[in-house]
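J.: The structure under discussion is supplied below as structure tokens; questions concerning it will follow.
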Amino acid sequence: MNLEGKDIVSVFDFSKKDFYRLFQKAEGLREKLRKRPLSTSEGKVLTTVFFEPSTRTRLSFSYAMLKLGGKVVDFGSVAATSVAKGESLTDTIRMIDGYGTDVIVLRHGLEGASRRAAEVAEAPVINAGDGSREHPTQALLDLYTVWKIFGKVDGLRVGIIGDLKYGRTPSSLSYALSMFDDVQIRFIAPEILQVREEVKKRIRSKVDFILYKDPREAIRDLDILYVTRIQRERFEHEHEYHRVKGIYKIDKKLLEEAEAKPIILHPLPRVDEISPEIDGLPNARYFEQASNGVFVRAALIGEILGLET
Ligand code: CP
């Protein structure tokens with residue numbers, strides 16, 4: 001079984017077996033692409049449709065497709081399209097699908113937007129982030145990075161700190177971790193940004209988790225600290241954002257005080273939650289994590305398009 005022709009709307013569209021297979025394929029592609037670009041995707045088109053800003057997700061999907069020998073069409077700025085005249089998401093997706101794209105990568109602020117797009121498109125739809133709900137390929141690259149560093153995902157203690165309420169990467173990562181054995185998750189956030197009930201409900205029977213407010217208590221014996229940005233754009237009231245702005249900062253002092261040396265990951269972009277002074281530490285792996293996105297997304301595109309990679 002592989003993912004040929006499938007939509008990827010949620011992390012639950014992957015199984016543990018899919019993760020391991022895609023990790024291996026990403027490793028193979030890393031080696032092959034070091035020598036030369038491939039031509040396996042020749043004649044295929046990937047369309048990126050981003051209703052919200054992005055650097056990493058849009059570009060890494062684009063680089064992945066180009067390195068596989070395919071072509072990329074970008075929907076461009078929403079303001080320059082007929083969305084600005086009131087065209088609906090589903091009509092927009094129907095049009096792109098009708099032009100003959102082979103895969104659609106969609107980011108949208110509305111929860112469930114990718115599910116809706118997948119219902120109307122014949123081409124497979126990959127969710128590149130829908131509101132606060134999910135970002136499944138971010139979780140794929142997060143776990144690929146973990147697997148590359150530790151050689152495993154089972155048995156690890158993972159702290160997830162920051163905006164667990166509005167962030168979509170913490171929910172997708174938690175769902176993904178819940179498929180592995182003997183993992184412990186520590187959710188570290190002020191009460192108003194703690195992990196959503198719906199996430200706790202979906203992972204409760206599968207993974208051990210604990211809630212914390214104080215990072216010093218939580219991080220001492222962690223294997224991984226996954227840091228996230230406070231999602232200013234998703235707060236209903238600006239004053240609520242200012243109550244929590246800058247509440248956590250991962251810096252040398254915190255790591256020394258806690259006598260902690262976890263691997264530090266971040267989906268990026270960061271604002272002020274990781275001090276640049278730790279960028280040079282051997283356990284700061286967030287830029288490497290972002291680069292891994294190209295290979296694991298190339299592996300995913302290859303499977304969805306039914307290509308030999
Ligand atoms: N991690 C991530 O989704 O980054 P972008 O918003 O830049 O795509």
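Chain labels A, B, ... are given in the sequence in which chains occur in the structure tokens; within each chain residues are numbered consecutively from 1, and ligands are likewise numbered from 1 in the order shown.
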With 10 Å as the cut-off and only C-alpha atoms and all ligand atoms counted, what is the closest atom pair between each nearby residue of chain A and ligand 1? Distances in Å to one decimal, ordered by chain and number, as a tab-separated table.
T.:
residue	atom	partner	partner_atom_place_in_ligand_line	distance
A:Phe50	CA	ligand 1	8 (O)	9.4
A:Glu52	CA	ligand 1	6 (O)	8.1
A:Pro53	CA	ligand 1	6 (O)	6.2
A:Ser54	CA	ligand 1	8 (O)	3.8
A:Thr55	CA	ligand 1	7 (O)	3.6
A:Arg56	CA	ligand 1	7 (O)	4.0
A:Thr57	CA	ligand 1	8 (O)	3.7
A:Arg58	CA	ligand 1	8 (O)	5.9
A:Leu59	CA	ligand 1	8 (O)	7.8
A:Ser60	CA	ligand 1	8 (O)	8.5
A:Phe61	CA	ligand 1	8 (O)	9.7
A:Arg107	CA	ligand 1	8 (O)	8.9
A:Ala128	CA	ligand 1	3 (O)	7.3
A:Gly129	CA	ligand 1	3 (O)	7.2
A:His135	CA	ligand 1	3 (O)	7.4
A:Pro136	CA	ligand 1	3 (O)	9.9
A:Thr137	CA	ligand 1	3 (O)	8.8
A:Gln138	CA	ligand 1	1 (N)	6.4
A:Ala139	CA	ligand 1	1 (N)	9.6
A:Leu141	CA	ligand 1	1 (N)	9.6
A:Asp142	CA	ligand 1	1 (N)	9.7
A:Arg168	CA	ligand 1	3 (O)	9.0
A:Thr169	CA	ligand 1	1 (N)	7.8
A:Thr228	CA	ligand 1	1 (N)	9.6
A:His266	CA	ligand 1	1 (N)	8.0
A:Pro267	CA	ligand 1	1 (N)	4.2
A:Leu268	CA	ligand 1	1 (N)	4.9
A:Pro269	CA	ligand 1	4 (O)	5.9
A:Arg270	CA	ligand 1	4 (O)	9.4
A:Gln289	CA	ligand 1	1 (N)	9.7
A:Ala290	CA	ligand 1	1 (N)	7.4
A:Gly293	CA	ligand 1	1 (N)	9.2
J.: Would you kindly return, as a VMD selection string, each protein, DNA or RNA residue with an atom no farther than 12 Å from any atom of stretch 250-262 of chain A, considering only C-alpha atoms and excluding same-chain residues fewer than 4 positions away?
T.: chain A and resid 146 149 to 150 156 to 162 214 to 229 246 266 270 to 285
J.: For a quick check of understanding, using only C-alpha atoms, which of A:Ala113, A:Phe51, A:Ser174, A:Val120 has the smallest distance to A:Val83?
T.: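 Of the candidates, the smallest distance to A:Val83 is held by A:Phe51.
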J.: In Å, rounded to a single decimal, give me how far atom CA of A:Asp102 is from atom CA of A:Leu305.
T.: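 Separating atom CA of A:Leu305 from atom CA of A:Asp102 is a distance of 7.5 Å.
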J.: What residues in stretch 127-309 of chain A get the DSSP label strand (DSSP E)? Please answer as a ChimeraX atom specification.
T.: /A:127-130,157-161,184-188,208-212,224-227,263-265
J.: Write out as a PyMOL selection string which residues come within 9 Å of A:Lys213 when counting only C-alpha atoms, dropping same-chain ones fewer than 5 positions away.
T.: chain A and resi 187-191+194+218
J.: Let me see the file: selected residues, N, CA and C atoms, as a PDB file, in the first residue's frame.
T.:
ATOM      1  N   PHE A 187       3.228  19.289  27.175  1.00  0.00           N
ATOM      2  CA  PHE A 187       2.702  20.510  26.565  1.00  0.00           C
ATOM      3  C   PHE A 187       3.018  21.673  27.506  1.00  0.00           C
ATOM      4  N   ILE A 188       3.806  22.630  27.038  1.00  0.00           N
ATOM      5  CA  ILE A 188       4.262  23.732  27.911  1.00  0.00           C
ATOM      6  C   ILE A 188       3.695  25.043  27.368  1.00  0.00           C
ATOM      7  N   ALA A 189       2.767  25.647  28.114  1.00  0.00           N
ATOM      8  CA  ALA A 189       2.110  26.876  27.632  1.00  0.00           C
ATOM      9  C   ALA A 189       1.377  27.540  28.791  1.00  0.00           C
ATOM     10  N   PRO A 190       1.164  28.856  28.715  1.00  0.00           N
ATOM     11  CA  PRO A 190       0.271  29.485  29.695  1.00  0.00           C
ATOM     12  C   PRO A 190      -1.141  28.948  29.456  1.00  0.00           C
ATOM     13  N   GLU A 191      -1.963  29.052  30.497  1.00  0.00           N
ATOM     14  CA  GLU A 191      -3.298  28.436  30.412  1.00  0.00           C
ATOM     15  C   GLU A 191      -4.060  28.831  29.145  1.00  0.00           C
ATOM     16  N   GLN A 194      -2.928  26.810  26.103  1.00  0.00           N
ATOM     17  CA  GLN A 194      -2.699  25.374  26.250  1.00  0.00           C
ATOM     18  C   GLN A 194      -3.386  24.598  25.129  1.00  0.00           C
ATOM     19  N   ALA A 218       9.744  21.426  32.974  1.00  0.00           N
ATOM     20  CA  ALA A 218       9.419  20.437  31.946  1.00  0.00           C
ATOM     21  C   ALA A 218      10.620  19.950  31.149  1.00  0.00           C
TER      22      ALA A 218
END
J.: Write out as a compact mmCIF listing (two decimals) with C-alpha atoms, in the first residue's frame each polymer residue whose atoms come within 12 Å of A:Asp97, counting only C-alpha atoms; drop sequence neighbours fewer than 5 positions from it.
T.:
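What ended up in part.txt:
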# COMPACT_ATOMS: atom_id res chain seq x y z
CA VAL A 45 2.48 19.80 -12.73
CA LEU A 46 2.13 20.76 -9.06
CA THR A 47 0.08 23.86 -8.22
CA THR A 48 0.69 25.81 -5.01
CA VAL A 49 -2.39 27.71 -3.78
CA THR A 90 -14.40 25.58 -4.26
CA ASP A 91 -14.87 27.37 -7.62
CA THR A 92 -11.21 28.38 -7.54
CA ASP A 102 -1.52 16.68 -11.13
CA VAL A 103 -1.46 17.75 -7.49
CA ILE A 104 -2.67 20.78 -5.51
CA VAL A 105 -0.90 22.08 -2.39
CA ALA A 117 -11.03 21.26 -1.76
CA ALA A 118 -10.33 17.53 -1.81
CA GLU A 119 -14.05 16.86 -2.23
CA VAL A 120 -14.26 18.95 -5.42
CA ALA A 121 -10.86 18.26 -7.02
CA GLU A 122 -9.96 15.15 -8.97
CA ALA A 123 -6.26 15.85 -8.44
CA PRO A 124 -4.91 14.93 -5.01
CA VAL A 125 -4.93 17.80 -2.50
